[in-house]
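*Asks:* Provided below: query_23.json, containing JSON, C-alpha atoms.
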[["chain", "number", "residue", "atom", "x", "y", "z"],
["A", 737, "VAL", "CA", 96.46, 74.26, 90.60],
["A", 738, "VAL", "CA", 98.14, 72.45, 93.48],
["A", 739, "LEU", "CA", 99.13, 74.56, 96.45],
["A", 740, "LYS", "CA", 101.92, 73.23, 98.62],
["A", 741, "ASP", "CA", 102.27, 74.14, 102.28],
["A", 742, "ARG", "CA", 104.88, 76.89, 102.22],
["A", 743, "GLY", "CA", 103.99, 78.40, 105.58],
["A", 744, "ASN", "CA", 107.50, 77.80, 106.93],
["A", 745, "ASP", "CA", 109.02, 79.52, 103.90],
["A", 746, "ILE", "CA", 106.79, 82.53, 104.42],
["A", 747, "LYS", "CA", 107.78, 82.67, 108.08],
["A", 748, "LEU", "CA", 111.47, 82.56, 107.23],
["A", 749, "MET", "CA", 111.11, 85.27, 104.59],
["A", 750, "SER", "CA", 109.19, 87.52, 106.96],
["A", 751, "GLU", "CA", 111.45, 87.21, 109.99],
["A", 752, "GLY", "CA", 113.54, 90.12, 108.76],
["A", 753, "LEU", "CA", 110.55, 92.45, 108.78],
["A", 754, "ASN", "CA", 110.70, 92.77, 112.59],
["A", 755, "TRP", "CA", 106.95, 93.20, 112.97],
["A", 756, "GLU", "CA", 103.77, 91.14, 113.07],
["A", 757, "GLU", "CA", 103.36, 88.50, 110.36],
["A", 758, "SER", "CA", 99.99, 89.62, 109.10],
["A", 759, "PHE", "CA", 98.39, 89.98, 105.68],
["A", 760, "ARG", "CA", 97.35, 93.42, 106.92],
["A", 761, "ASN", "CA", 101.02, 94.32, 107.08],
["A", 762, "ARG", "CA", 101.70, 95.50, 103.53],
["A", 763, "GLU", "CA", 105.21, 94.07, 103.37],
["A", 764, "TYR", "CA", 104.06, 90.68, 104.59],
["A", 765, "GLN", "CA", 101.14, 90.89, 102.15],
["A", 766, "LYS", "CA", 103.61, 91.32, 99.29],
["A", 767, "ILE", "CA", 105.48, 88.20, 100.40],
["A", 768, "VAL", "CA", 102.33, 86.07, 100.59],
["A", 769, "LEU", "CA", 101.00, 87.29, 97.24],
["A", 770, "ALA", "CA", 104.40, 86.75, 95.62],
["A", 771, "TRP", "CA", 104.30, 83.17, 96.89],
["A", 772, "PHE", "CA", 100.81, 82.63, 95.47],
["A", 773, "GLU", "CA", 101.88, 84.07, 92.14],
["A", 774, "ALA", "CA", 104.89, 81.74, 92.08],
["A", 775, "GLU", "CA", 102.58, 78.80, 92.77],
["A", 776, "GLY", "CA", 100.37, 79.74, 89.82],
["A", 777, "SER", "CA", 97.43, 80.97, 91.84],
["A", 778, "TRP", "CA", 95.83, 84.32, 92.75],
["A", 779, "ARG", "CA", 96.50, 86.23, 89.56],
["A", 780, "THR", "CA", 95.49, 89.85, 89.97],
["A", 781, "VAL", "CA", 92.47, 90.46, 87.75],
["A", 782, "LYS", "CA", 89.46, 92.75, 87.85],
["A", 783, "GLU", "CA", 86.87, 90.19, 86.74],
["A", 784, "TRP", "CA", 85.92, 87.86, 89.57],
["A", 785, "ARG", "CA", 84.63, 84.95, 87.49],
["A", 786, "GLU", "CA", 87.99, 84.80, 85.73],
["A", 787, "GLU", "CA", 89.90, 84.83, 89.01],
["A", 788, "PHE", "CA", 87.63, 82.20, 90.56],
["A", 789, "LEU", "CA", 87.99, 79.85, 87.59],
["A", 790, "GLU", "CA", 91.74, 80.40, 87.31],
["A", 791, "SER", "CA", 92.66, 80.36, 90.98],
["A", 792, "PHE", "CA", 90.07, 78.38, 92.90],
["A", 793, "TYR", "CA", 87.66, 76.28, 90.83],
["A", 794, "LYS", "CA", 90.07, 73.44, 90.05],
["A", 795, "VAL", "CA", 91.12, 72.88, 93.65],
["A", 796, "LEU", "CA", 87.68, 73.02, 95.31],
["A", 797, "ASP", "CA", 86.73, 69.46, 94.39],
["A", 798, "MET", "CA", 83.13, 68.67, 95.45],
["A", 799, "ARG", "CA", 82.50, 72.29, 96.43],
["A", 800, "LYS", "CA", 83.55, 73.90, 93.14],
["A", 801, "ASP", "CA", 80.14, 74.11, 91.46],
["A", 802, "SER", "CA", 78.26, 75.19, 94.58],
["A", 803, "PHE", "CA", 80.76, 77.95, 95.31],
["A", 804, "TYR", "CA", 80.61, 79.01, 91.65],
["A", 805, "ALA", "CA", 76.80, 79.19, 91.90],
["A", 806, "VAL", "CA", 76.97, 81.24, 95.10],
["A", 807, "PHE", "CA", 79.47, 83.72, 93.68],
["A", 808, "ASP", "CA", 77.31, 84.03, 90.58],
["A", 809, "LEU", "CA", 74.36, 84.93, 92.80],
["A", 810, "LEU", "CA", 76.46, 87.49, 94.66],
["A", 811, "LEU", "CA", 77.53, 89.08, 91.38],
["A", 812, "LYS", "CA", 73.93, 89.26, 90.20],
["A", 813, "MET", "CA", 73.13, 91.35, 93.27],
["A", 814, "ASP", "CA", 75.26, 93.96, 91.50],
["A", 815, "LYS", "CA", 76.33, 95.69, 94.69],
["A", 816, "THR", "CA", 79.48, 97.59, 95.55],
["A", 817, "ASN", "CA", 79.27, 96.80, 99.25],
["A", 818, "TYR", "CA", 78.62, 93.29, 100.59],
["A", 819, "ARG", "CA", 78.38, 91.73, 104.02],
["A", 820, "ILE", "CA", 79.21, 88.03, 104.39],
["A", 821, "ILE", "CA", 79.00, 86.11, 107.66],
["A", 822, "GLU", "CA", 80.53, 82.66, 108.06],
["A", 823, "THR", "CA", 80.91, 80.28, 110.98],
["A", 824, "GLY", "CA", 84.17, 78.37, 110.96],
["A", 825, "THR", "CA", 87.24, 80.19, 109.68],
["A", 826, "THR", "CA", 90.08, 79.33, 107.33],
["A", 827, "ARG", "CA", 93.26, 78.28, 109.13],
["A", 828, "TYR", "CA", 95.42, 76.93, 106.30],
["A", 829, "LEU", "CA", 96.72, 78.03, 102.92],
["A", 830, "ASN", "CA", 96.58, 74.58, 101.34],
["A", 831, "ARG", "CA", 93.44, 72.69, 102.49],
["A", 832, "TRP", "CA", 91.29, 73.44, 99.43],
["A", 833, "MET", "CA", 89.90, 69.98, 98.75],
["A", 834, "ASP", "CA", 88.81, 69.05, 102.27],
["A", 835, "SER", "CA", 88.10, 72.49, 103.77],
["A", 836, "GLY", "CA", 87.20, 74.87, 100.95],
["A", 837, "GLN", "CA", 89.16, 77.85, 102.29],
["A", 838, "SER", "CA", 86.08, 80.04, 102.13],
["A", 839, "THR", "CA", 87.46, 82.94, 104.18],
["A", 840, "ILE", "CA", 90.22, 83.51, 101.62],
["A", 841, "MET", "CA", 87.74, 83.47, 98.74],
["A", 842, "TRP", "CA", 85.26, 85.88, 100.39],
["A", 843, "ASP", "CA", 88.19, 88.19, 101.07],
["A", 844, "ARG", "CA", 89.43, 88.04, 97.50],
["A", 845, "PHE", "CA", 85.91, 88.62, 96.18],
["A", 846, "LEU", "CA", 85.68, 91.87, 98.13],
["A", 847, "ASN", "CA", 89.10, 92.92, 96.88],
["A", 848, "THR", "CA", 88.35, 92.60, 93.15],
["A", 849, "GLY", "CA", 86.13, 94.51, 90.74],
["A", 850, "GLY", "CA", 85.97, 97.66, 92.83],
["A", 851, "ARG", "CA", 83.90, 95.96, 95.52],
["A", 852, "ASN", "CA", 83.94, 96.72, 99.20],
["A", 853, "GLY", "CA", 82.32, 95.33, 102.30],
["A", 854, "GLU", "CA", 82.93, 93.09, 105.27],
["A", 855, "VAL", "CA", 83.45, 89.42, 106.01],
["A", 856, "ILE", "CA", 82.65, 88.36, 109.57],
["A", 857, "SER", "CA", 84.28, 85.01, 110.31],
["A", 858, "ILE", "CA", 83.49, 83.32, 113.64],
["A", 859, "ASP", "CA", 85.44, 80.46, 115.19],
["A", 860, "LEU", "CA", 85.77, 79.00, 118.68],
["A", 861, "ASN", "CA", 89.43, 78.08, 118.21],
["A", 862, "GLY", "CA", 91.77, 80.94, 119.09],
["A", 863, "LYS", "CA", 94.69, 79.55, 117.11],
["A", 864, "SER", "CA", 92.53, 79.21, 114.00],
["A", 865, "CYS", "CA", 91.41, 82.81, 114.41],
["A", 866, "GLN", "CA", 95.00, 84.00, 114.71],
["A", 867, "LYS", "CA", 96.01, 82.14, 111.55],
["A", 868, "ALA", "CA", 93.00, 83.48, 109.65],
["A", 869, "ARG", "CA", 93.92, 87.04, 110.56],
["A", 870, "GLN", "CA", 97.43, 86.47, 109.21],
["A", 871, "ILE", "CA", 96.26, 85.48, 105.72],
["A", 872, "THR", "CA", 93.35, 87.87, 105.16],
["A", 873, "SER", "CA", 92.95, 91.59, 104.56],
["A", 874, "ASP", "CA", 91.40, 94.16, 106.88],
["A", 875, "LYS", "CA", 88.04, 93.53, 105.19],
["A", 876, "VAL", "CA", 87.80, 90.35, 107.26],
["A", 877, "ASN", "CA", 86.73, 90.62, 110.89],
["A", 878, "VAL", "CA", 87.70, 87.36, 112.62],
["A", 879, "ILE", "CA", 85.85, 86.87, 115.90],
["A", 880, "GLU", "CA", 86.81, 84.25, 118.46],
["A", 881, "GLY", "CA", 83.82, 82.88, 120.35],
["A", 882, "ASP", "CA", 80.79, 80.62, 120.41],
["A", 883, "SER", "CA", 79.13, 81.00, 117.04],
["A", 884, "VAL", "CA", 75.50, 80.89, 118.21],
["A", 885, "GLU", "CA", 75.99, 83.46, 120.95],
["A", 886, "THR", "CA", 78.12, 85.66, 118.70],
["A", 887, "LEU", "CA", 75.54, 85.54, 115.90],
["A", 888, "ARG", "CA", 72.78, 86.54, 118.30],
["A", 889, "ASN", "CA", 74.81, 89.54, 119.41],
["A", 890, "ILE", "CA", 75.61, 90.47, 115.81],
["A", 891, "ALA", "CA", 71.95, 90.17, 114.80],
["A", 892, "GLU", "CA", 70.88, 92.44, 117.66],
["A", 893, "ALA", "CA", 73.48, 95.06, 116.75],
["A", 894, "MET", "CA", 72.57, 94.88, 113.06],
["A", 895, "GLU", "CA", 68.89, 95.31, 113.86],
["A", 896, "GLN", "CA", 69.64, 98.44, 115.85],
["A", 897, "ARG", "CA", 71.63, 99.85, 112.93],
["A", 898, "GLY", "CA", 69.19, 98.67, 110.26],
["A", 899, "GLU", "CA", 71.84, 96.48, 108.60],
["A", 900, "THR", "CA", 71.51, 93.20, 106.72],
["A", 901, "VAL", "CA", 73.76, 90.35, 105.58],
["A", 902, "ASP", "CA", 73.98, 89.12, 101.97],
["A", 903, "LEU", "CA", 75.39, 85.66, 102.60],
["A", 904, "ILE", "CA", 75.26, 83.36, 105.61],
["A", 905, "TYR", "CA", 77.69, 80.42, 105.39],
["A", 906, "LEU", "CA", 77.39, 77.68, 108.04],
["A", 907, "ASP", "CA", 80.53, 75.58, 108.46],
["A", 908, "SER", "CA", 81.64, 75.72, 112.09],
["A", 909, "TRP", "CA", 81.40, 72.17, 113.46],
["A", 910, "ASP", "CA", 84.15, 69.81, 112.35],
["A", 911, "ILE", "CA", 82.26, 66.58, 111.69],
["A", 912, "SER", "CA", 84.05, 63.55, 113.08],
["A", 913, "LYS", "CA", 84.29, 60.03, 111.70],
["A", 914, "GLU", "CA", 81.81, 58.99, 114.39],
["A", 915, "ASN", "CA", 79.32, 61.62, 113.18],
["A", 916, "TRP", "CA", 79.49, 60.19, 109.66],
["A", 917, "GLU", "CA", 79.64, 56.49, 110.46],
["A", 918, "GLY", "CA", 77.67, 56.25, 113.70],
["A", 919, "GLY", "CA", 74.34, 55.43, 112.11],
["A", 920, "GLN", "CA", 71.03, 57.29, 112.13],
["A", 921, "GLY", "CA", 71.16, 60.40, 114.28],
["A", 922, "ALA", "CA", 74.92, 60.36, 114.81],
["A", 923, "ASP", "CA", 75.12, 63.71, 113.05],
["A", 924, "GLY", "CA", 72.68, 65.21, 115.53],
["A", 925, "ALA", "CA", 75.11, 67.55, 117.32],
["A", 926, "PRO", "CA", 76.61, 69.26, 114.24],
["A", 927, "ALA", "CA", 73.22, 69.33, 112.49],
["A", 928, "MET", "CA", 71.47, 70.96, 115.46],
["A", 929, "HIS", "CA", 74.33, 73.41, 115.96],
["A", 930, "ALA", "CA", 74.05, 74.62, 112.35],
["A", 931, "LEU", "CA", 70.30, 75.12, 112.76],
["A", 932, "LYS", "CA", 70.85, 77.16, 115.93],
["A", 933, "GLU", "CA", 73.36, 79.30, 114.07],
["A", 934, "LEU", "CA", 70.95, 79.93, 111.23],
["A", 935, "LYS", "CA", 68.05, 80.83, 113.50],
["A", 936, "ALA", "CA", 70.29, 83.28, 115.37],
["A", 937, "ILE", "CA", 71.05, 85.39, 112.27],
["A", 938, "ILE", "CA", 68.54, 84.69, 109.49],
["A", 939, "SER", "CA", 66.31, 87.58, 110.56],
["A", 940, "ARG", "CA", 69.02, 89.93, 109.20],
["A", 941, "LEU", "CA", 69.28, 88.27, 105.79],
["A", 942, "SER", "CA", 68.81, 90.78, 102.98],
["A", 943, "ALA", "CA", 66.14, 90.43, 100.30],
["A", 944, "GLY", "CA", 67.65, 88.03, 97.78],
["A", 945, "GLY", "CA", 70.21, 86.93, 100.39],
["A", 946, "ILE", "CA", 71.88, 83.54, 100.34],
["A", 947, "VAL", "CA", 72.13, 80.75, 102.91],
["A", 948, "LEU", "CA", 74.86, 78.14, 102.35],
["A", 949, "VAL", "CA", 75.64, 75.11, 104.51],
["A", 950, "ASP", "CA", 78.62, 72.80, 104.09],
["A", 951, "ASP", "CA", 79.29, 69.06, 104.61],
["A", 952, "ASN", "CA", 76.16, 67.19, 103.54],
["A", 953, "MET", "CA", 76.44, 63.55, 102.62],
["A", 954, "ILE", "CA", 73.86, 61.40, 100.83],
["A", 955, "GLU", "CA", 72.05, 59.70, 103.72],
["A", 956, "THR", "CA", 72.64, 56.18, 102.40],
["A", 957, "HIS", "CA", 76.43, 56.64, 102.63],
["A", 958, "SER", "CA", 78.72, 56.99, 105.65],
["A", 959, "SER", "CA", 82.07, 57.93, 104.14],
["A", 960, "ALA", "CA", 83.17, 61.20, 102.59],
["A", 961, "ASP", "CA", 85.61, 59.20, 100.48],
["A", 962, "ASP", "CA", 82.70, 57.22, 99.02],
["A", 963, "ILE", "CA", 80.92, 60.43, 98.08],
["A", 964, "ARG", "CA", 84.11, 61.78, 96.55],
["A", 965, "GLU", "CA", 84.44, 58.61, 94.43],
["A", 966, "LEU", "CA", 80.88, 59.10, 93.19],
["A", 967, "PHE", "CA", 81.77, 62.68, 92.36],
["A", 968, "TYR", "CA", 84.83, 61.62, 90.37],
["A", 969, "GLU", "CA", 82.83, 59.01, 88.46],
["A", 970, "TYR", "CA", 80.26, 61.66, 87.58],
["A", 971, "GLU", "CA", 83.01, 64.06, 86.52],
["A", 972, "MET", "CA", 84.36, 61.52, 84.07],
["A", 973, "ALA", "CA", 80.95, 60.73, 82.61],
["A", 974, "GLN", "CA", 79.35, 64.20, 82.69],
["A", 975, "ALA", "CA", 82.26, 66.62, 82.44],
["A", 976, "GLY", "CA", 81.14, 70.21, 82.60],
["A", 977, "ARG", "CA", 77.81, 69.58, 84.33],
["A", 978, "PRO", "CA", 77.44, 70.35, 88.05],
["A", 979, "TRP", "CA", 77.10, 67.31, 90.29],
["A", 980, "VAL", "CA", 73.97, 67.61, 92.43],
["A", 981, "TYR", "CA", 72.02, 65.15, 94.54],
["A", 982, "HIS", "CA", 68.70, 63.82, 93.28],
["A", 983, "GLU", "CA", 65.70, 65.52, 94.83],
["A", 984, "SER", "CA", 64.49, 62.19, 96.24],
["A", 985, "VAL", "CA", 67.51, 61.57, 98.49],
["A", 986, "GLY", "CA", 68.01, 62.92, 101.98],
["A", 987, "VAL", "CA", 71.24, 64.07, 103.58],
["A", 988, "ARG", "CA", 73.17, 63.61, 106.79],
["A", 989, "GLY", "CA", 75.67, 66.11, 108.14],
["A", 990, "LYS", "CA", 75.65, 69.78, 109.14],
["A", 991, "GLY", "CA", 72.71, 70.67, 106.96],
["A", 992, "ARG", "CA", 70.21, 67.95, 107.85],
["A", 993, "HIS", "CA", 68.12, 70.07, 110.24],
["A", 994, "VAL", "CA", 68.77, 73.25, 108.25],
["A", 995, "LEU", "CA", 67.30, 71.50, 105.20],
["A", 996, "GLU", "CA", 64.17, 70.56, 107.14],
["A", 997, "TYR", "CA", 63.81, 74.11, 108.46],
["A", 998, "MET", "CA", 64.38, 75.79, 105.09],
["A", 999, "ASN", "CA", 61.95, 73.44, 103.33],
["A", 1000, "GLU", "CA", 59.20, 74.81, 105.57],
["A", 1001, "ARG", "CA", 59.92, 78.45, 104.69],
["A", 1002, "GLU", "CA", 57.85, 79.78, 101.82],
["A", 1003, "ASP", "CA", 60.17, 82.75, 101.33],
["A", 1004, "CYS", "CA", 63.24, 80.67, 100.43],
["A", 1005, "ARG", "CA", 64.03, 78.47, 97.43],
["A", 1006, "ARG", "CA", 66.78, 75.94, 97.14],
["A", 1007, "VAL", "CA", 69.29, 76.70, 94.37],
["A", 1008, "PHE", "CA", 71.93, 74.00, 94.94],
["A", 1009, "TYR", "CA", 71.66, 70.54, 96.48],
["A", 1010, "GLY", "CA", 74.86, 68.62, 97.00],
["A", 1011, "TRP", "CA", 77.80, 68.47, 99.40],
["A", 1012, "GLN", "CA", 76.90, 72.10, 99.93],
["A", 1013, "ILE", "CA", 73.26, 73.20, 99.98],
["A", 1014, "ALA", "CA", 72.26, 76.76, 99.07],
["A", 1015, "TRP", "CA", 69.05, 78.79, 99.23],
["A", 1016, "VAL", "CA", 68.00, 82.26, 98.14],
["A", 1017, "CYS", "CA", 65.41, 84.04, 100.28],
["A", 1018, "ASP", "CA", 63.04, 86.87, 99.40]]
Is it possible to give me this structure as structure tokens?

*Replies:*
Amino acid sequence: VVLKDRGNDIKLMSEGLNWEESFRNREYQKIVLAWFEAEGSWRTVKEWREEFLESFYKVLDMRKDSFYAVFDLLLKMDKTNYRIIETGTTRYLNRWMDSGQSTIMWDRFLNTGGRNGEVISIDLNGKSCQKARQITSDKVNVIEGDSVETLRNIAEAMEQRGETVDLIYLDSWDISKENWEGGQGADGAPAMHALKELKAIISRLSAGGIVLVDDNMIETHSSADDIRELFYEYEMAQAGRPWVYHESVGVRGKGRHVLEYMNEREDCRRVFYGWQIAWVCD
């Protein structure tokens, strides 16, 4: 499935509605969903695995198997009400390969199979937050602000109410070319930021809850394109088998310090090790 940027078309079609262009506006929602249906994506189904494989799996590139594993874990929780917290929000309709579009997928997950719940999506960029609100349902609470401070406040409020979170997804710091190619330690800022985020909220993780961190490159490489080429070579040779890093290699990127921290926790086990790294905690 290849999604083209049709944002301008949607804007033109919605101008006659004379009210806010928001997915929470039912008329605008119909327009957006009609566009997705025309593009061959987002078929309305009750079974999430089918929808994920039909609508998302093929366009997620290096993240497809890790996201599939995470959704499988969520389904095995067998809940009707989920809480998902992510740092870094979706701001496009068409950036599946390089961004993952997680906010849209969490939202769709909660809107299929009779599920309910809440997605809390935190981003520092006000324009990104505005765009995310326009393309998600009212099950998504988009918060503009510093992710670490916001997570601390959320954790405190959840503790007072006795609430927990089922999935923590860390993806807020846009890693620059310099972070990738600057040599040892150049990823220090995004890696430390992700660790601060995790420490701010992990106390509210539910039993069996999931931690997922994005953008992790094999430490001996310095280009995402190189990693993607390795991924494509593996796909051709081992079609159908998830591509994961060997246990002996380290990573650079957002998850470097998170990996070190999680390795020291006896209550968490790693369940996916690749461009995205995932753990389940008791």

*Asks:* Suppose you want the space between atom CA of Thr900 of chain A and atom CA of Arg940 of chain A; what is it in Å?

*Replies:* 4.8 Å

*Asks:* Excluding segment 942-958 of chain A and any residue of its chain fewer than 3 positions from it, enumerate the residues within 7 Å of it, using all atoms listed in the file, and give them as a ChimeraX atom specification.

*Replies:* /A:900-907,916-917,985-991,1010-1018

*Asks:* Env of His929 of chain A: 9 Å cut, atoms = all atoms listed in the file, seq-sep filter 3 positions within chain, self excluded. Answer as a VMD selection string.

*Replies:* chain A and resid 884 908 to 909 924 to 926 932 to 934 990

*Asks:* Work out how far atom CA of Asp882 of chain A is from atom CA of Arg897 of chain A, in Å to one decimal.

*Replies:*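 If I compute the distance from atom CA of Arg897 of chain A to atom CA of Asp882 of chain A, I get 22.6 Å.
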
*Asks:* Between atom CA of Ile890 of chain A and atom CA of Arg992 of chain A, what is the distance in Å, rounded to a tenth?

*Replies:*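 Calculated distance between atom CA of Ile890 of chain A and atom CA of Arg992 of chain A is 24.5 Å.
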
*Asks:* Quick one: segment 797-806 of chain A with all heavy atoms, as a short mmCIF file (atom, residue, chain, number, x, y, z; two decimals), in the coordinates of the input?

*Replies:*
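Result saved to part.cif:
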data_model
loop_
_atom_site.label_atom_id
_atom_site.label_comp_id
_atom_site.auth_asym_id
_atom_site.auth_seq_id
_atom_site.Cartn_x
_atom_site.Cartn_y
_atom_site.Cartn_z
N ASP A 797 87.26 70.81 94.37
CA ASP A 797 86.73 69.46 94.39
C ASP A 797 85.20 69.47 94.44
O ASP A 797 84.57 70.10 93.60
CB ASP A 797 87.32 68.70 95.58
CG ASP A 797 87.36 67.20 95.39
OD1 ASP A 797 87.88 66.76 94.34
OD2 ASP A 797 86.90 66.46 96.27
N MET A 798 84.58 68.81 95.42
CA MET A 798 83.13 68.67 95.45
C MET A 798 82.40 69.98 95.72
O MET A 798 81.19 70.05 95.55
CB MET A 798 82.72 67.64 96.51
CG MET A 798 83.17 66.24 96.20
SD MET A 798 82.43 65.01 97.30
CE MET A 798 83.15 65.46 98.89
N ARG A 799 83.12 70.99 96.14
CA ARG A 799 82.50 72.29 96.43
C ARG A 799 82.59 73.28 95.27
O ARG A 799 82.08 74.39 95.37
CB ARG A 799 83.17 72.92 97.66
CG ARG A 799 83.02 72.12 98.95
CD ARG A 799 83.79 72.81 100.06
NE ARG A 799 83.63 72.15 101.34
CZ ARG A 799 84.42 71.18 101.79
NH1 ARG A 799 85.42 70.74 101.02
NH2 ARG A 799 84.22 70.62 102.95
N LYS A 800 83.25 72.91 94.18
CA LYS A 800 83.55 73.90 93.14
C LYS A 800 82.30 74.46 92.48
O LYS A 800 82.21 75.68 92.25
CB LYS A 800 84.50 73.31 92.10
CG LYS A 800 83.94 72.14 91.28
CD LYS A 800 84.98 71.63 90.30
CE LYS A 800 84.43 70.55 89.40
NZ LYS A 800 85.46 70.08 88.44
N ASP A 801 81.32 73.62 92.17
CA ASP A 801 80.14 74.11 91.46
C ASP A 801 79.19 74.87 92.38
O ASP A 801 78.54 75.84 91.95
CB ASP A 801 79.41 72.95 90.79
CG ASP A 801 80.20 72.37 89.63
OD1 ASP A 801 80.64 73.16 88.77
OD2 ASP A 801 80.40 71.15 89.59
N SER A 802 79.12 74.47 93.64
CA SER A 802 78.26 75.19 94.58
C SER A 802 78.84 76.56 94.89
O SER A 802 78.11 77.57 94.93
CB SER A 802 78.06 74.38 95.86
OG SER A 802 79.28 73.86 96.35
N PHE A 803 80.15 76.64 95.08
CA PHE A 803 80.76 77.95 95.31
C PHE A 803 80.62 78.83 94.06
O PHE A 803 80.38 80.04 94.16
CB PHE A 803 82.24 77.81 95.67
CG PHE A 803 82.50 77.67 97.15
CD1 PHE A 803 83.32 76.67 97.64
CD2 PHE A 803 81.94 78.56 98.05
CE1 PHE A 803 83.57 76.55 98.99
CE2 PHE A 803 82.18 78.45 99.41
CZ PHE A 803 83.00 77.44 99.89
N TYR A 804 80.78 78.24 92.89
CA TYR A 804 80.61 79.01 91.65
C TYR A 804 79.19 79.58 91.59
O TYR A 804 78.99 80.75 91.24
CB TYR A 804 80.87 78.15 90.43
CG TYR A 804 80.79 78.92 89.12
CD1 TYR A 804 81.89 79.61 88.63
CD2 TYR A 804 79.59 78.97 88.40
CE1 TYR A 804 81.81 80.34 87.44
CE2 TYR A 804 79.51 79.70 87.23
CZ TYR A 804 80.62 80.37 86.75
OH TYR A 804 80.53 81.09 85.59
N ALA A 805 78.20 78.74 91.92
CA ALA A 805 76.80 79.19 91.90
C ALA A 805 76.56 80.32 92.89
O ALA A 805 75.86 81.30 92.60
CB ALA A 805 75.87 78.02 92.20
N VAL A 806 77.16 80.21 94.08
CA VAL A 806 76.97 81.24 95.10
C VAL A 806 77.62 82.56 94.68
O VAL A 806 77.02 83.64 94.82
CB VAL A 806 77.54 80.75 96.45
CG1 VAL A 806 77.69 81.92 97.44
CG2 VAL A 806 76.63 79.68 97.04
#
